[in-house]
$ cat model-v1.csv   # CSV, C-alpha atoms
chain,number,residue,atom,x,y,z
A,171,MET,CA,-20.2,-12.1,-7.9
A,172,ARG,CA,-22.3,-15.1,-9.0
A,173,ILE,CA,-20.9,-17.5,-11.6
A,174,GLU,CA,-23.1,-19.7,-13.7
A,175,LEU,CA,-22.0,-22.3,-16.3
A,176,ARG,CA,-24.3,-23.8,-18.9
A,177,THR,CA,-23.2,-26.4,-21.4
A,178,ASN,CA,-24.9,-26.5,-24.8
A,179,PRO,CA,-23.6,-29.2,-27.2
A,180,SER,CA,-25.3,-27.4,-30.2
A,181,LEU,CA,-22.9,-24.4,-29.9
A,182,GLN,CA,-19.9,-24.2,-32.3
A,183,GLU,CA,-17.8,-22.1,-30.0
A,184,THR,CA,-17.7,-20.9,-26.4
A,185,VAL,CA,-19.8,-17.8,-25.6
A,186,VAL,CA,-19.1,-15.8,-22.5
A,187,THR,CA,-21.7,-13.2,-21.4
A,188,VAL,CA,-21.0,-10.9,-18.5
A,189,GLU,CA,-24.0,-9.1,-16.9
A,190,CYS,CA,-23.3,-6.4,-14.3
A,191,PRO,CA,-25.2,-3.5,-12.8
A,192,ALA,CA,-22.5,-1.1,-13.8
A,193,LEU,CA,-19.0,-1.3,-15.4
A,194,ASP,CA,-16.6,-1.0,-12.5
A,195,ASP,CA,-12.8,-1.6,-12.2
A,196,SER,CA,-13.1,-5.3,-11.2
A,197,THR,CA,-15.5,-6.0,-14.1
A,198,ALA,CA,-13.2,-4.2,-16.6
A,199,ARG,CA,-10.2,-6.3,-15.4
A,200,LEU,CA,-12.3,-9.4,-15.8
A,201,LEU,CA,-13.2,-8.5,-19.4
A,202,ALA,CA,-9.6,-7.7,-20.1
A,203,SER,CA,-8.5,-11.0,-18.7
A,204,LEU,CA,-11.0,-12.8,-20.9
A,205,ARG,CA,-9.9,-11.0,-24.0
A,206,ALA,CA,-6.2,-11.7,-23.2
A,207,PHE,CA,-7.0,-15.4,-22.6
A,208,ASP,CA,-8.0,-15.8,-26.3
A,209,HIS,CA,-4.9,-13.9,-27.6
A,210,LYS,CA,-1.9,-15.8,-28.9
A,211,LEU,CA,1.6,-14.3,-29.2
A,212,THR,CA,4.0,-15.1,-32.0
A,213,GLY,CA,7.6,-15.7,-31.5
A,214,LEU,CA,10.4,-16.4,-34.0
A,215,ARG,CA,13.1,-19.1,-33.2
A,216,ASP,CA,15.2,-21.2,-35.5
A,217,GLY,CA,13.6,-19.9,-38.6
A,218,GLN,CA,10.1,-20.9,-37.5
A,219,THR,CA,7.2,-18.9,-36.2
A,220,TRP,CA,5.8,-20.3,-32.9
A,221,LEU,CA,2.3,-19.6,-31.5
A,222,LEU,CA,2.7,-18.9,-27.8
A,223,GLU,CA,0.2,-18.7,-24.9
A,224,PRO,CA,0.8,-15.5,-22.9
A,225,ALA,CA,0.8,-17.6,-19.7
A,226,ASP,CA,3.9,-19.4,-21.0
A,227,VAL,CA,5.9,-16.1,-21.3
A,228,PHE,CA,7.7,-15.1,-18.1
A,229,TYR,CA,8.7,-11.6,-19.3
A,230,ILE,CA,9.3,-9.6,-22.4
A,231,GLU,CA,12.4,-7.4,-22.9
A,232,THR,CA,13.7,-5.2,-25.6
A,233,VAL,CA,17.4,-5.3,-26.6
A,234,ASP,CA,18.7,-3.1,-29.5
A,235,LYS,CA,15.1,-2.3,-30.6
A,236,LEU,CA,14.1,-5.9,-30.8
A,237,ALA,CA,11.6,-7.5,-28.4
A,238,PHE,CA,12.3,-10.9,-27.0
A,239,LEU,CA,9.8,-13.2,-25.2
A,240,TYR,CA,11.4,-15.2,-22.4
A,241,GLY,CA,9.9,-18.6,-21.4
A,242,GLU,CA,11.0,-20.9,-18.7
A,243,THR,CA,14.0,-22.1,-20.8
A,244,THR,CA,13.4,-20.7,-24.2
A,245,VAL,CA,13.7,-17.3,-25.9
A,246,TRP,CA,11.7,-16.1,-28.9
A,247,GLU,CA,12.0,-12.9,-30.9
A,248,SER,CA,8.8,-11.0,-31.4
A,249,PRO,CA,7.9,-9.2,-34.6
A,250,LEU,CA,6.0,-6.6,-32.5
A,251,ARG,CA,7.4,-3.7,-30.6
A,252,LEU,CA,7.2,-3.5,-26.8
A,253,TYR,CA,4.4,-1.0,-26.7
A,254,GLU,CA,2.3,-3.1,-29.2
A,255,LEU,CA,2.8,-6.2,-26.9
A,256,GLU,CA,1.9,-4.1,-23.9
A,257,ASP,CA,-1.4,-3.0,-25.6
A,258,ARG,CA,-2.2,-6.5,-26.6
A,259,LEU,CA,-1.6,-7.9,-23.1
A,260,SER,CA,-3.1,-4.9,-21.2
A,261,GLY,CA,-5.5,-5.8,-18.5
A,262,GLY,CA,-4.0,-9.3,-18.1
A,263,SER,CA,-1.2,-10.4,-15.9
A,264,PHE,CA,1.5,-8.4,-17.7
A,265,LEU,CA,2.8,-5.2,-16.1
A,266,ARG,CA,5.5,-2.7,-17.1
A,267,ALA,CA,8.6,-3.1,-14.9
A,268,GLY,CA,10.9,-0.8,-16.8
A,269,LYS,CA,11.4,1.2,-19.9
A,270,SER,CA,12.3,-2.0,-21.8
A,271,CYS,CA,10.5,-4.7,-19.8
A,272,LEU,CA,7.1,-6.3,-19.2
A,273,VAL,CA,6.7,-8.9,-16.5
A,274,ASN,CA,4.1,-11.7,-16.2
A,275,LEU,CA,2.9,-11.3,-12.6
A,276,ASP,CA,1.6,-14.9,-12.6
A,277,ARG,CA,5.3,-16.1,-13.1
A,278,VAL,CA,6.7,-14.0,-10.2
A,279,ARG,CA,7.7,-16.3,-7.2
A,280,ALA,CA,9.0,-13.6,-4.8
A,281,LEU,CA,9.8,-9.9,-4.6
A,282,ARG,CA,12.1,-7.9,-2.4
A,283,PRO,CA,12.5,-4.1,-2.0
A,284,GLU,CA,15.9,-2.8,-3.1
A,285,MET,CA,17.9,0.4,-2.4
A,286,GLY,CA,16.7,3.4,-4.3
A,287,GLY,CA,13.0,2.4,-4.4
A,288,ARG,CA,13.4,-0.5,-6.8
A,289,LEU,CA,11.9,-4.0,-6.5
A,290,GLU,CA,13.8,-7.2,-7.2
A,291,LEU,CA,11.6,-10.0,-8.6
A,292,THR,CA,12.5,-13.6,-8.6
A,293,MET,CA,10.7,-15.5,-11.3
A,294,GLN,CA,9.6,-19.1,-11.1
A,295,ASN,CA,12.5,-20.2,-13.2
A,296,GLY,CA,15.0,-18.5,-10.8
A,297,GLU,CA,15.8,-15.5,-13.0
A,298,ARG,CA,16.0,-12.1,-11.2
A,299,LEU,CA,14.5,-9.0,-12.7
A,300,PHE,CA,14.2,-5.4,-11.4
A,301,VAL,CA,11.3,-3.1,-11.4
A,302,SER,CA,12.5,0.5,-11.8
A,303,ARG,CA,11.6,3.3,-9.4
A,304,GLN,CA,9.3,4.8,-11.9
A,305,TYR,CA,7.2,1.7,-12.2
A,306,THR,CA,7.4,0.4,-8.6
A,307,PRO,CA,4.3,2.3,-7.3
A,308,ALA,CA,2.0,0.9,-10.1
A,309,PHE,CA,3.5,-2.5,-9.4
A,310,LYS,CA,2.8,-2.4,-5.7
A,311,GLN,CA,-0.7,-1.0,-6.3
A,312,ARG,CA,-1.5,-3.9,-8.7
A,313,LEU,CA,-0.3,-6.4,-6.1
A,314,GLY,CA,-2.2,-4.7,-3.3
A,315,LEU,CA,0.9,-3.7,-1.3
$ encode --input "model-v1.csv" --output "structure tokens"
Amino acid sequence: MRIELRTNPSLQETVVTVECPALDDSTARLLASLRAFDHKLTGLRDGQTWLLEPADVFYIETVDKLAFLYGETTVWESPLRLYELEDRLSGGSFLRAGKSCLVNLDRVRALRPEMGGRLELTMQNGERLFVSRQYTPAFKQRLGL
């Protein structure tokens, strides 16, 4: 892959053009990452709506049909359902870890196999999460294990 950068002060916004001989998996992931880069998430906390960068969210979990976005030390409630968040973040660094959980792979510090085919994840903030047996194969494949 060759990367070129050209600056043009007359442009009003950044334009990204991807040229490829054919659309393959790596190019599709690159496009998905670029699209996810420009998306913001909204979270509710203390009666205010916060605009969040997906990179600042460690994981997303549903509890009693409500979705919560977990940052390093802060939790926000999301107005979206988990499947809507998964669609919005697909192709980026978020991956389904269980029926009610999405994990930001960029925020995982370590992982360890558990009994029963599960994985234990240690996040950068020290929290521990588990990847269920059902989602472990996809998780390992995404990490190249």
$ closest_residue --input "model-v1.csv" --among "A:Glu256, A:Asp216, A:Glu174, A:Asp194" --to "Thr232 (chain A)" --atoms "all atoms listed in the file"
A:Glu256
$ closest_atom_pairs --input "model-v1.csv" --of "region 199-259 of chain A" --to "region 287-297 of chain A" --cutoff "12 Å" --atoms "only C-alpha atoms" --output "CSV"
residue,atom,partner,partner_atom,distance
A:Asp226,CA,A:Gln294,CA,11.4
A:Val227,CA,A:Met293,CA,11.1
A:Phe228,CA,A:Met293,CA,7.4
A:Tyr229,CA,A:Met293,CA,9.1
A:Tyr240,CA,A:Glu297,CA,10.4
A:Gly241,CA,A:Asn295,CA,8.7
A:Glu242,CA,A:Asn295,CA,5.7
A:Thr243,CA,A:Asn295,CA,8.0
A:Thr244,CA,A:Asn295,CA,11.0
$ atom_distance --input "model-v1.csv" --atom1 "CA of Leu200 (chain A)" --atom2 "CA of Arg266 (chain A)"
19.1 Å
$ closest_residue --input "model-v1.csv" --among "A:Leu214, A:Met171, A:Ala225, A:Met285" --to "Ser263 (chain A)" --atoms "all atoms listed in the file"
A:Ala225
$ closest_residue --input "model-v1.csv" --among "A:Leu211, A:Leu272, A:Ala280, A:Val233" --to "Ser248 (chain A)" --atoms "all atoms listed in the file"
A:Leu211
$ closest_residue --input "model-v1.csv" --among "A:Ala192, A:Leu255, A:Val186, A:Cys271" --to "Gly213 (chain A)" --atoms "only C-alpha atoms"
A:Leu255
$ residues_around --input "model-v1.csv" --residues "Leu175 (chain A)" --least-positions-apart "3" --cutoff "12 Å" --atoms "only C-alpha atoms" --output "number ranges by chain"
A: 172, 178, 184-188
$ closest_residue --input "model-v1.csv" --among "A:Leu201, A:Leu181, A:Leu259, A:Leu281" --to "Leu299 (chain A)" --atoms "only C-alpha atoms"
A:Leu281
$ closest_residue --input "model-v1.csv" --among "A:Gly261, A:Thr212, A:Asn274, A:Gly268" --to "Pro249 (chain A)" --atoms "all atoms listed in the file"
A:Thr212
$ atom_distance --input "model-v1.csv" --atom1 "CA of Phe264 (chain A)" --atom2 "CA of Ile230 (chain A)"
9.2 Å
$ atom_distance --input "model-v1.csv" --atom1 "CA of Arg251 (chain A)" --atom2 "CA of Leu236 (chain A)"
7.1 Å
$ residues_around --input "model-v1.csv" --residues "Glu231 (chain A)" --least-positions-apart "3" --cutoff "6 Å" --atoms "only C-alpha atoms" --output "NGL selection string"
:A and (237-238 or 270-271)
